[in-house]
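Below is one structure; the comments refer to it alone.
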Amino acid sequence: MAETVALGEVQETLLIPLYGRARDARQRRSVLSDRKAIELVDSIDYDFDKFRGPSLAGSVLRASIFDEYVRGFLREHPEGTVVDLGCGLSTRFDRLDNGRLRWFDLDVEDTMALRRKFFDDSDRYTMIAGSLFDTDWYAQVAERSGPIFILSEAVMLYFPADQVHETLTRIAATFPASPFAFDTGGAIMMNNQDSNPVFKAVPARMKWICDDPATLDQYGLRMRESRTFANPQPAVAGTWPARYRYGLKVIGWTPPVRTYKLNLFTTAG
């Protein structure tokens, strides 16, 4: 029996990248080969076919760039801790598990209730029901000593700037000298949301405008690198089919896409 979905407006957007990864996994040449995403889509009672447009492929490419940020951390710290804030129905732990890391996935109650229908905790993997904007999860994530990688993909964009900035400041102060990866969108991107076909299928809209992620240093973040779809890491670009590599050389520099950044920071410390 298919699982029904009862999610809030912002939480419903997690189904977009899930469907994107499932579609990608069915391709002859897949970027992520996320077979688990196919299983989830087939097990959820939801009209996924209403999601259309380039954002589906974009969510796959975004995931591959963030995956490489995490891989870089694990190459240096194979027993480090990773926390994914606003994980949705991500399968990143399954994709990147090296058999030694400690991983936490965090999301709000309704999302985590759905997630628990498909995933189980283990000795190295823990799901936490909570908001990234709260502080309840801080102590649990820091339960063991060692380096921590913090990730938040396509989540903070949906919230007001003051709420995001306050949270960035708190996280930077609580987890000093830690890599922190998240995405930002500029005003041109935000002002063109209604022309994006995928947003015609959901009520939520992105709110946080950040034209220059380097300015986030005022909240305790030091920029390490910032990428767009037109300049992924070389190791990642080599895994993309030609239709993405060459197509994004053209559309990757159009104003709405150009203002979307996938960033890796280090918190002050």
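Residue names in the structure tokens use chain letters A, B, ... in the order shown, residue numbers from 1 in each chain, and ligand numbers from 1 in the order shown.
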Might you pull out every residue within 12 Å of range 194-202 of chain A, with only C-alpha atoms counted and same-chain residues fewer than 4 positions away left off, and present them as a PDB file with N, CA and C atoms, in the first residue's frame?
ATOM      1  N   LEU A   7       2.343  16.890   4.265  1.00  0.00           N
ATOM      2  CA  LEU A   7       3.479  17.759   4.515  1.00  0.00           C
ATOM      3  C   LEU A   7       3.078  19.225   4.444  1.00  0.00           C
ATOM      4  N   GLY A   8       3.805  20.073   5.172  1.00  0.00           N
ATOM      5  CA  GLY A   8       3.610  21.509   5.086  1.00  0.00           C
ATOM      6  C   GLY A   8       4.048  22.043   3.734  1.00  0.00           C
ATOM      7  N   GLU A   9       3.777  23.325   3.485  1.00  0.00           N
ATOM      8  CA  GLU A   9       4.059  23.913   2.177  1.00  0.00           C
ATOM      9  C   GLU A   9       5.534  23.824   1.804  1.00  0.00           C
ATOM     10  N   VAL A  10       6.421  24.232   2.703  1.00  0.00           N
ATOM     11  CA  VAL A  10       7.848  24.172   2.407  1.00  0.00           C
ATOM     12  C   VAL A  10       8.312  22.722   2.327  1.00  0.00           C
ATOM     13  N   GLN A  11       7.819  21.888   3.248  1.00  0.00           N
ATOM     14  CA  GLN A  11       8.242  20.492   3.267  1.00  0.00           C
ATOM     15  C   GLN A  11       7.862  19.762   1.979  1.00  0.00           C
ATOM     16  N   GLU A  12       6.755  20.155   1.364  1.00  0.00           N
ATOM     17  CA  GLU A  12       6.333  19.481   0.133  1.00  0.00           C
ATOM     18  C   GLU A  12       7.387  19.612  -0.969  1.00  0.00           C
ATOM     19  N   THR A  13       8.183  20.659  -0.917  1.00  0.00           N
ATOM     20  CA  THR A  13       9.196  20.854  -1.961  1.00  0.00           C
ATOM     21  C   THR A  13      10.255  19.758  -1.943  1.00  0.00           C
ATOM     22  N   LEU A  14      10.369  18.994  -0.862  1.00  0.00           N
ATOM     23  CA  LEU A  14      11.356  17.913  -0.817  1.00  0.00           C
ATOM     24  C   LEU A  14      11.046  16.837  -1.853  1.00  0.00           C
ATOM     25  N   LEU A  15       9.791  16.784  -2.315  1.00  0.00           N
ATOM     26  CA  LEU A  15       9.410  15.778  -3.289  1.00  0.00           C
ATOM     27  C   LEU A  15       9.948  16.097  -4.681  1.00  0.00           C
ATOM     28  N   ILE A  16      10.307  17.364  -4.909  1.00  0.00           N
ATOM     29  CA  ILE A  16      10.861  17.751  -6.217  1.00  0.00           C
ATOM     30  C   ILE A  16      12.218  17.090  -6.451  1.00  0.00           C
ATOM     31  N   PRO A  17      13.204  17.275  -5.545  1.00  0.00           N
ATOM     32  CA  PRO A  17      14.483  16.602  -5.787  1.00  0.00           C
ATOM     33  C   PRO A  17      14.390  15.084  -5.717  1.00  0.00           C
ATOM     34  N   TYR A  19      11.934  13.260  -6.869  1.00  0.00           N
ATOM     35  CA  TYR A  19      11.493  12.857  -8.205  1.00  0.00           C
ATOM     36  C   TYR A  19      12.605  13.068  -9.233  1.00  0.00           C
ATOM     37  N   GLY A  20      13.348  14.161  -9.081  1.00  0.00           N
ATOM     38  CA  GLY A  20      14.467  14.406  -9.992  1.00  0.00           C
ATOM     39  C   GLY A  20      15.490  13.281  -9.945  1.00  0.00           C
ATOM     40  N   TYR A  46       1.438  10.099  -4.554  1.00  0.00           N
ATOM     41  CA  TYR A  46       1.570  11.531  -4.848  1.00  0.00           C
ATOM     42  C   TYR A  46       1.662  11.696  -6.360  1.00  0.00           C
ATOM     43  N   ASP A  47       1.151  12.799  -6.852  1.00  0.00           N
ATOM     44  CA  ASP A  47       1.175  13.078  -8.289  1.00  0.00           C
ATOM     45  C   ASP A  47       2.522  13.709  -8.679  1.00  0.00           C
ATOM     46  N   PHE A  48       3.542  12.895  -8.773  1.00  0.00           N
ATOM     47  CA  PHE A  48       4.869  13.397  -9.129  1.00  0.00           C
ATOM     48  C   PHE A  48       4.918  13.931 -10.557  1.00  0.00           C
ATOM     49  N   ASP A  49       4.041  13.461 -11.430  1.00  0.00           N
ATOM     50  CA  ASP A  49       4.089  13.885 -12.824  1.00  0.00           C
ATOM     51  C   ASP A  49       3.809  15.371 -13.002  1.00  0.00           C
ATOM     52  N   LYS A  50       3.290  16.021 -11.971  1.00  0.00           N
ATOM     53  CA  LYS A  50       3.036  17.456 -12.103  1.00  0.00           C
ATOM     54  C   LYS A  50       4.323  18.266 -12.052  1.00  0.00           C
ATOM     55  N   PHE A  51       5.422  17.647 -11.616  1.00  0.00           N
ATOM     56  CA  PHE A  51       6.709  18.333 -11.584  1.00  0.00           C
ATOM     57  C   PHE A  51       7.354  18.247 -12.971  1.00  0.00           C
ATOM     58  N   ARG A  52       7.625  19.397 -13.538  1.00  0.00           N
ATOM     59  CA  ARG A  52       8.222  19.459 -14.873  1.00  0.00           C
ATOM     60  C   ARG A  52       9.274  20.562 -14.906  1.00  0.00           C
ATOM     61  N   GLY A  53      10.105  20.508 -15.928  1.00  0.00           N
ATOM     62  CA  GLY A  53      11.037  21.589 -16.158  1.00  0.00           C
ATOM     63  C   GLY A  53      12.461  21.293 -15.722  1.00  0.00           C
ATOM     64  N   PRO A  54      13.372  22.249 -15.951  1.00  0.00           N
ATOM     65  CA  PRO A  54      14.800  22.036 -15.706  1.00  0.00           C
ATOM     66  C   PRO A  54      15.180  21.888 -14.243  1.00  0.00           C
ATOM     67  N   SER A  55      14.302  22.266 -13.328  1.00  0.00           N
ATOM     68  CA  SER A  55      14.650  22.138 -11.907  1.00  0.00           C
ATOM     69  C   SER A  55      14.818  20.683 -11.485  1.00  0.00           C
ATOM     70  N   LEU A  56      14.180  19.764 -12.192  1.00  0.00           N
ATOM     71  CA  LEU A  56      14.338  18.348 -11.853  1.00  0.00           C
ATOM     72  C   LEU A  56      15.775  17.901 -12.088  1.00  0.00           C
ATOM     73  N   ALA A  57      16.297  18.200 -13.271  1.00  0.00           N
ATOM     74  CA  ALA A  57      17.698  17.882 -13.541  1.00  0.00           C
ATOM     75  C   ALA A  57      18.612  18.721 -12.669  1.00  0.00           C
ATOM     76  N   GLY A  58      18.231  19.972 -12.439  1.00  0.00           N
ATOM     77  CA  GLY A  58      19.051  20.843 -11.594  1.00  0.00           C
ATOM     78  C   GLY A  58      19.216  20.303 -10.197  1.00  0.00           C
ATOM     79  N   SER A  59      18.179  19.680  -9.644  1.00  0.00           N
ATOM     80  CA  SER A  59      18.279  19.130  -8.292  1.00  0.00           C
ATOM     81  C   SER A  59      19.276  17.980  -8.245  1.00  0.00           C
ATOM     82  N   ILE A 188      17.634  38.201  -8.881  1.00  0.00           N
ATOM     83  CA  ILE A 188      17.120  37.855 -10.210  1.00  0.00           C
ATOM     84  C   ILE A 188      16.476  36.477 -10.193  1.00  0.00           C
ATOM     85  N   MET A 189      17.127  35.543  -9.524  1.00  0.00           N
ATOM     86  CA  MET A 189      16.553  34.199  -9.413  1.00  0.00           C
ATOM     87  C   MET A 189      15.226  34.237  -8.660  1.00  0.00           C
ATOM     88  N   MET A 190      15.210  34.935  -7.532  1.00  0.00           N
ATOM     89  CA  MET A 190      14.004  34.979  -6.720  1.00  0.00           C
ATOM     90  C   MET A 190      12.839  35.636  -7.452  1.00  0.00           C
ATOM     91  N   MET A 206      10.496  30.752  -2.470  1.00  0.00           N
ATOM     92  CA  MET A 206      11.738  31.096  -1.795  1.00  0.00           C
ATOM     93  C   MET A 206      11.714  32.569  -1.390  1.00  0.00           C
ATOM     94  N   PRO A 256      19.161  34.324 -14.188  1.00  0.00           N
ATOM     95  CA  PRO A 256      18.563  33.616 -13.042  1.00  0.00           C
ATOM     96  C   PRO A 256      19.437  32.472 -12.542  1.00  0.00           C
ATOM     97  N   VAL A 257      20.003  31.697 -13.459  1.00  0.00           N
ATOM     98  CA  VAL A 257      20.830  30.558 -13.057  1.00  0.00           C
ATOM     99  C   VAL A 257      22.149  31.030 -12.465  1.00  0.00           C
TER     100      VAL A 257
END
In range 165-226 of chain A, what's strand (DSSP E or B) per DSSP? Answer as a PDB file with N, CA, C and O atoms, in the first residue's frame?
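Output (states.pdb):
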ATOM      1  N   PRO A 179      33.450  23.031   8.309  1.00  0.00           N
ATOM      2  CA  PRO A 179      32.924  23.290   6.967  1.00  0.00           C
ATOM      3  C   PRO A 179      31.402  23.306   6.993  1.00  0.00           C
ATOM      4  O   PRO A 179      30.776  22.511   7.697  1.00  0.00           O
ATOM      5  N   PHE A 180      30.820  24.224   6.229  1.00  0.00           N
ATOM      6  CA  PHE A 180      29.382  24.425   6.218  1.00  0.00           C
ATOM      7  C   PHE A 180      28.987  24.716   4.768  1.00  0.00           C
ATOM      8  O   PHE A 180      29.393  25.720   4.194  1.00  0.00           O
ATOM      9  N   ALA A 181      28.218  23.838   4.167  1.00  0.00           N
ATOM     10  CA  ALA A 181      27.818  23.977   2.765  1.00  0.00           C
ATOM     11  C   ALA A 181      26.322  24.260   2.670  1.00  0.00           C
ATOM     12  O   ALA A 181      25.520  23.556   3.291  1.00  0.00           O
ATOM     13  N   PHE A 182      25.962  25.274   1.897  1.00  0.00           N
ATOM     14  CA  PHE A 182      24.559  25.557   1.623  1.00  0.00           C
ATOM     15  C   PHE A 182      24.454  26.417   0.375  1.00  0.00           C
ATOM     16  O   PHE A 182      25.445  26.990  -0.094  1.00  0.00           O
ATOM     17  N   ASP A 183      23.260  26.513  -0.172  1.00  0.00           N
ATOM     18  CA  ASP A 183      23.044  27.255  -1.404  1.00  0.00           C
ATOM     19  C   ASP A 183      22.403  28.607  -1.127  1.00  0.00           C
ATOM     20  O   ASP A 183      21.711  28.805  -0.119  1.00  0.00           O
ATOM     21  N   THR A 184      22.627  29.535  -2.054  1.00  0.00           N
ATOM     22  CA  THR A 184      22.065  30.882  -1.969  1.00  0.00           C
ATOM     23  C   THR A 184      21.507  31.282  -3.335  1.00  0.00           C
ATOM     24  O   THR A 184      21.944  30.769  -4.370  1.00  0.00           O
ATOM     25  N   GLY A 185      20.558  32.198  -3.315  1.00  0.00           N
ATOM     26  CA  GLY A 185      19.971  32.683  -4.561  1.00  0.00           C
ATOM     27  C   GLY A 185      19.877  34.189  -4.565  1.00  0.00           C
ATOM     28  O   GLY A 185      19.504  34.802  -3.560  1.00  0.00           O
ATOM     29  N   LEU A 221      31.110  33.360   8.855  1.00  0.00           N
ATOM     30  CA  LEU A 221      31.422  32.375   7.817  1.00  0.00           C
ATOM     31  C   LEU A 221      32.532  32.887   6.912  1.00  0.00           C
ATOM     32  O   LEU A 221      32.496  34.037   6.464  1.00  0.00           O
ATOM     33  N   ARG A 222      33.503  32.041   6.628  1.00  0.00           N
ATOM     34  CA  ARG A 222      34.570  32.381   5.696  1.00  0.00           C
ATOM     35  C   ARG A 222      34.387  31.568   4.415  1.00  0.00           C
ATOM     36  O   ARG A 222      34.346  30.327   4.454  1.00  0.00           O
ATOM     37  N   MET A 223      34.302  32.257   3.288  1.00  0.00           N
ATOM     38  CA  MET A 223      34.086  31.594   2.020  1.00  0.00           C
ATOM     39  C   MET A 223      35.298  30.754   1.623  1.00  0.00           C
ATOM     40  O   MET A 223      36.431  31.227   1.631  1.00  0.00           O
ATOM     41  N   ARG A 224      35.048  29.498   1.260  1.00  0.00           N
ATOM     42  CA  ARG A 224      36.095  28.644   0.707  1.00  0.00           C
ATOM     43  C   ARG A 224      35.954  28.509  -0.802  1.00  0.00           C
ATOM     44  O   ARG A 224      36.924  28.615  -1.537  1.00  0.00           O
ATOM     45  N   GLU A 225      34.743  28.251  -1.259  1.00  0.00           N
ATOM     46  CA  GLU A 225      34.483  28.230  -2.700  1.00  0.00           C
ATOM     47  C   GLU A 225      32.994  28.389  -2.950  1.00  0.00           C
ATOM     48  O   GLU A 225      32.166  28.059  -2.096  1.00  0.00           O
ATOM     49  N   SER A 226      32.682  28.914  -4.113  1.00  0.00           N
ATOM     50  CA  SER A 226      31.297  29.131  -4.504  1.00  0.00           C
ATOM     51  C   SER A 226      31.157  28.726  -5.962  1.00  0.00           C
ATOM     52  O   SER A 226      31.926  29.190  -6.814  1.00  0.00           O
TER      53      SER A 226
END
According to DSSP computed on the backbone, where in range 44-162 of chain A is there alpha helix (DSSP H)? Give the residues as an mmCIF file with N, CA and C atoms, in the first residue's frame.
data_model
loop_
_atom_site.group_PDB
_atom_site.id
_atom_site.type_symbol
_atom_site.label_atom_id
_atom_site.label_comp_id
_atom_site.auth_asym_id
_atom_site.auth_seq_id
_atom_site.Cartn_x
_atom_site.Cartn_y
_atom_site.Cartn_z
ATOM 1 N N SER A 55 14.302 22.266 -13.328
ATOM 2 C CA SER A 55 14.650 22.138 -11.907
ATOM 3 C C SER A 55 14.818 20.683 -11.485
ATOM 4 N N LEU A 56 14.180 19.764 -12.192
ATOM 5 C CA LEU A 56 14.338 18.348 -11.853
ATOM 6 C C LEU A 56 15.775 17.901 -12.088
ATOM 7 N N ALA A 57 16.297 18.200 -13.271
ATOM 8 C CA ALA A 57 17.698 17.882 -13.541
ATOM 9 C C ALA A 57 18.612 18.721 -12.669
ATOM 10 N N GLY A 58 18.231 19.972 -12.439
ATOM 11 C CA GLY A 58 19.051 20.843 -11.594
ATOM 12 C C GLY A 58 19.216 20.303 -10.197
ATOM 13 N N SER A 59 18.179 19.680 -9.644
ATOM 14 C CA SER A 59 18.279 19.130 -8.292
ATOM 15 C C SER A 59 19.276 17.980 -8.245
ATOM 16 N N VAL A 60 19.404 17.243 -9.327
ATOM 17 C CA VAL A 60 20.378 16.151 -9.406
ATOM 18 C C VAL A 60 21.797 16.705 -9.468
ATOM 19 N N LEU A 61 22.002 17.705 -10.318
ATOM 20 C CA LEU A 61 23.331 18.308 -10.445
ATOM 21 C C LEU A 61 23.741 18.991 -9.144
ATOM 22 N N ARG A 62 22.787 19.650 -8.509
ATOM 23 C CA ARG A 62 23.055 20.271 -7.206
ATOM 24 C C ARG A 62 23.505 19.217 -6.205
ATOM 25 N N ALA A 63 22.790 18.103 -6.148
ATOM 26 C CA ALA A 63 23.154 17.041 -5.211
ATOM 27 C C ALA A 63 24.555 16.521 -5.474
ATOM 28 N N SER A 64 24.933 16.412 -6.744
ATOM 29 C CA SER A 64 26.264 15.880 -7.053
ATOM 30 C C SER A 64 27.360 16.848 -6.622
ATOM 31 N N ILE A 65 27.111 18.153 -6.709
ATOM 32 C CA ILE A 65 28.096 19.135 -6.254
ATOM 33 C C ILE A 65 28.232 19.093 -4.741
ATOM 34 N N PHE A 66 27.099 19.041 -4.030
ATOM 35 C CA PHE A 66 27.158 18.943 -2.567
ATOM 36 C C PHE A 66 27.766 17.611 -2.125
ATOM 37 N N ASP A 67 27.494 16.549 -2.851
ATOM 38 C CA ASP A 67 28.119 15.264 -2.538
ATOM 39 C C ASP A 67 29.639 15.395 -2.548
ATOM 40 N N GLU A 68 30.157 16.100 -3.537
ATOM 41 C CA GLU A 68 31.615 16.228 -3.640
ATOM 42 C C GLU A 68 32.180 17.077 -2.511
ATOM 43 N N TYR A 69 31.444 18.073 -2.056
ATOM 44 C CA TYR A 69 31.889 18.823 -0.870
ATOM 45 C C TYR A 69 32.045 17.878 0.321
ATOM 46 N N VAL A 70 31.052 16.994 0.502
ATOM 47 C CA VAL A 70 31.116 16.051 1.623
ATOM 48 C C VAL A 70 32.251 15.057 1.416
ATOM 49 N N ARG A 71 32.418 14.561 0.202
ATOM 50 C CA ARG A 71 33.505 13.619 -0.067
ATOM 51 C C ARG A 71 34.865 14.229 0.257
ATOM 52 N N GLY A 72 35.027 15.508 -0.088
ATOM 53 C CA GLY A 72 36.289 16.174 0.223
ATOM 54 C C GLY A 72 36.571 16.184 1.709
ATOM 55 N N PHE A 73 35.523 16.431 2.495
ATOM 56 C CA PHE A 73 35.671 16.395 3.956
ATOM 57 C C PHE A 73 36.038 14.992 4.424
ATOM 58 N N LEU A 74 35.382 13.981 3.891
ATOM 59 C CA LEU A 74 35.613 12.603 4.340
ATOM 60 C C LEU A 74 36.966 12.074 3.894
ATOM 61 N N ARG A 75 37.502 12.608 2.807
ATOM 62 C CA ARG A 75 38.851 12.204 2.425
ATOM 63 C C ARG A 75 39.865 12.635 3.480
ATOM 64 N N GLU A 76 39.624 13.782 4.090
ATOM 65 C CA GLU A 76 40.517 14.276 5.140
ATOM 66 C C GLU A 76 40.153 13.718 6.512
ATOM 67 N N ARG A 92 21.642 10.694 0.766
ATOM 68 C CA ARG A 92 23.081 11.021 0.738
ATOM 69 C C ARG A 92 23.916 10.112 1.633
ATOM 70 N N PHE A 93 23.393 9.738 2.792
ATOM 71 C CA PHE A 93 24.147 8.829 3.650
ATOM 72 C C PHE A 93 24.440 7.528 2.911
ATOM 73 N N ASP A 94 23.441 6.988 2.217
ATOM 74 C CA ASP A 94 23.634 5.738 1.476
ATOM 75 C C ASP A 94 24.664 5.917 0.357
ATOM 76 N N ARG A 95 24.670 7.085 -0.268
ATOM 77 C CA ARG A 95 25.602 7.322 -1.376
ATOM 78 C C ARG A 95 27.034 7.499 -0.907
ATOM 79 N N LEU A 96 27.218 8.078 0.278
ATOM 80 C CA LEU A 96 28.560 8.510 0.679
ATOM 81 C C LEU A 96 29.137 7.740 1.864
ATOM 82 N N GLU A 109 9.034 17.545 12.060
ATOM 83 C CA GLU A 109 8.283 16.363 12.480
ATOM 84 C C GLU A 109 7.568 15.647 11.323
ATOM 85 N N ASP A 110 6.832 16.382 10.498
ATOM 86 C CA ASP A 110 6.059 15.693 9.462
ATOM 87 C C ASP A 110 6.965 15.031 8.429
ATOM 88 N N THR A 111 8.057 15.698 8.088
ATOM 89 C CA THR A 111 8.999 15.108 7.147
ATOM 90 C C THR A 111 9.670 13.876 7.741
ATOM 91 N N MET A 112 10.080 13.982 9.000
ATOM 92 C CA MET A 112 10.766 12.851 9.613
ATOM 93 C C MET A 112 9.826 11.663 9.805
ATOM 94 N N ALA A 113 8.547 11.922 10.049
ATOM 95 C CA ALA A 113 7.590 10.816 10.156
ATOM 96 C C ALA A 113 7.506 10.058 8.837
ATOM 97 N N LEU A 114 7.511 10.800 7.723
ATOM 98 C CA LEU A 114 7.499 10.153 6.414
ATOM 99 C C LEU A 114 8.821 9.435 6.162
ATOM 100 N N ARG A 115 9.910 10.065 6.514
ATOM 101 C CA ARG A 115 11.225 9.470 6.286
ATOM 102 C C ARG A 115 11.376 8.144 7.026
ATOM 103 N N TYR A 138 21.947 20.651 18.635
ATOM 104 C CA TYR A 138 23.382 20.969 18.704
ATOM 105 C C TYR A 138 24.158 19.946 19.533
ATOM 106 N N ALA A 139 23.686 19.669 20.733
ATOM 107 C CA ALA A 139 24.422 18.788 21.642
ATOM 108 C C ALA A 139 24.495 17.372 21.097
ATOM 109 N N GLN A 140 23.418 16.906 20.486
ATOM 110 C CA GLN A 140 23.417 15.538 19.969
ATOM 111 C C GLN A 140 24.415 15.371 18.827
ATOM 112 N N VAL A 141 24.474 16.352 17.941
ATOM 113 C CA VAL A 141 25.401 16.295 16.815
ATOM 114 C C VAL A 141 26.850 16.326 17.296
ATOM 115 N N ALA A 161 15.264 36.444 5.567
ATOM 116 C CA ALA A 161 16.689 36.710 5.741
ATOM 117 C C ALA A 161 17.086 36.829 7.207
ATOM 118 N N ASP A 162 16.282 37.540 8.016
ATOM 119 C CA ASP A 162 16.685 37.727 9.410
ATOM 120 C C ASP A 162 16.729 36.406 10.156
#
* To do: Find the residues around Ile148 in chain A up to 8 Å (only C-alpha atoms counted), leave out those fewer than 4 positions away in its own chain, and share them as a list in words.
  => Gly80, Thr81, Val82, Val83, Ala142, Phe175, Ser178 and Pro179 of chain A
Suppose we keep N, CA, C and O atoms; can you now write the selection as a PDB file, in the first residue's frame?
ATOM      1  N   GLY A  80      34.867  11.433  10.515  1.00  0.00           N
ATOM      2  CA  GLY A  80      34.206  12.656  10.927  1.00  0.00           C
ATOM      3  C   GLY A  80      32.690  12.505  11.008  1.00  0.00           C
ATOM      4  O   GLY A  80      32.119  11.469  10.655  1.00  0.00           O
ATOM      5  N   THR A  81      32.048  13.573  11.475  1.00  0.00           N
ATOM      6  CA  THR A  81      30.593  13.617  11.614  1.00  0.00           C
ATOM      7  C   THR A  81      30.006  14.524  10.549  1.00  0.00           C
ATOM      8  O   THR A  81      30.524  15.616  10.298  1.00  0.00           O
ATOM      9  N   VAL A  82      28.924  14.080   9.934  1.00  0.00           N
ATOM     10  CA  VAL A  82      28.199  14.884   8.950  1.00  0.00           C
ATOM     11  C   VAL A  82      26.778  15.080   9.452  1.00  0.00           C
ATOM     12  O   VAL A  82      26.136  14.133   9.923  1.00  0.00           O
ATOM     13  N   VAL A  83      26.280  16.305   9.351  1.00  0.00           N
ATOM     14  CA  VAL A  83      24.888  16.571   9.707  1.00  0.00           C
ATOM     15  C   VAL A  83      24.219  17.269   8.533  1.00  0.00           C
ATOM     16  O   VAL A  83      24.721  18.266   8.018  1.00  0.00           O
ATOM     17  N   ALA A 142      27.086  17.053  18.376  1.00  0.00           N
ATOM     18  CA  ALA A 142      28.442  17.194  18.905  1.00  0.00           C
ATOM     19  C   ALA A 142      28.757  16.172  19.994  1.00  0.00           C
ATOM     20  O   ALA A 142      29.648  16.374  20.811  1.00  0.00           O
ATOM     21  N   PHE A 175      29.705  25.724  16.344  1.00  0.00           N
ATOM     22  CA  PHE A 175      30.560  24.734  15.673  1.00  0.00           C
ATOM     23  C   PHE A 175      31.722  25.445  14.984  1.00  0.00           C
ATOM     24  O   PHE A 175      31.758  25.549  13.751  1.00  0.00           O
ATOM     25  N   SER A 178      34.349  24.705  11.338  1.00  0.00           N
ATOM     26  CA  SER A 178      33.704  23.567  10.686  1.00  0.00           C
ATOM     27  C   SER A 178      33.296  23.940   9.267  1.00  0.00           C
ATOM     28  O   SER A 178      32.811  25.043   9.023  1.00  0.00           O
ATOM     29  N   PRO A 179      33.450  23.031   8.309  1.00  0.00           N
ATOM     30  CA  PRO A 179      32.924  23.290   6.967  1.00  0.00           C
ATOM     31  C   PRO A 179      31.402  23.306   6.993  1.00  0.00           C
ATOM     32  O   PRO A 179      30.776  22.511   7.697  1.00  0.00           O
TER      33      PRO A 179
END
* Record the distance separating CA of Phe119 in chain A and CA of Gln27 in chain A, expressed in Å with one decimal. =>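 Between CA of Phe119 in chain A and CA of Gln27 in chain A the gap works out to 24.5 Å.
Proximity to Pro78 in chain A was assessed for A:Arg26, A:Arg102, A:Arg144, A:Arg243 counting only C-alpha atoms; the smallest distance is recorded for A:Arg102.
Of the listed residues (A:Asn98, A:Thr239, A:Thr267, A:Thr167), A:Thr239 comes nearest to Arg29 in chain A; the distances count only C-alpha atoms.
Proximity ranking of A:Asn191, A:Ser90, A:Thr4, A:Asn231 relative to Ala154 in chain A places A:Ser90 first, based on only C-alpha atoms.
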* What is the CA of Cys210 in chain A to CA of Ala235 in chain A distance in Å? ->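 Atom-to-atom, CA of Cys210 in chain A and CA of Ala235 in chain A are spaced 27.1 Å apart.
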* Asked: So which one's closest to Glu153 in chain A, A:Ala237, A:Met1, A:Leu132, A:Leu216? Using only C-alpha atoms, please.
  ->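 Distance minimum relative to Glu153 in chain A lands on A:Leu132.
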* **Residues within 7 Å of Asp211 in chain A, only C-alpha atoms, excluding chain neighbours under 4 positions, as a PyMOL selection string** => chain A and resi 185-187+259
Written selection (N, CA and C atoms) as a short mmCIF file (atom, residue, chain, number, x, y, z; two decimals), in the first residue's frame:
data_model
loop_
_atom_site.label_atom_id
_atom_site.label_comp_id
_atom_site.auth_asym_id
_atom_site.auth_seq_id
_atom_site.Cartn_x
_atom_site.Cartn_y
_atom_site.Cartn_z
N GLY A 185 20.56 32.20 -3.32
CA GLY A 185 19.97 32.68 -4.56
C GLY A 185 19.88 34.19 -4.56
N GLY A 186 20.22 34.80 -5.69
CA GLY A 186 20.17 36.25 -5.82
C GLY A 186 18.79 36.75 -6.21
N ALA A 187 18.67 38.07 -6.26
CA ALA A 187 17.37 38.70 -6.51
C ALA A 187 16.79 38.31 -7.86
N THR A 259 22.81 33.51 -10.68
CA THR A 259 22.73 34.05 -9.32
C THR A 259 22.48 32.97 -8.27
#
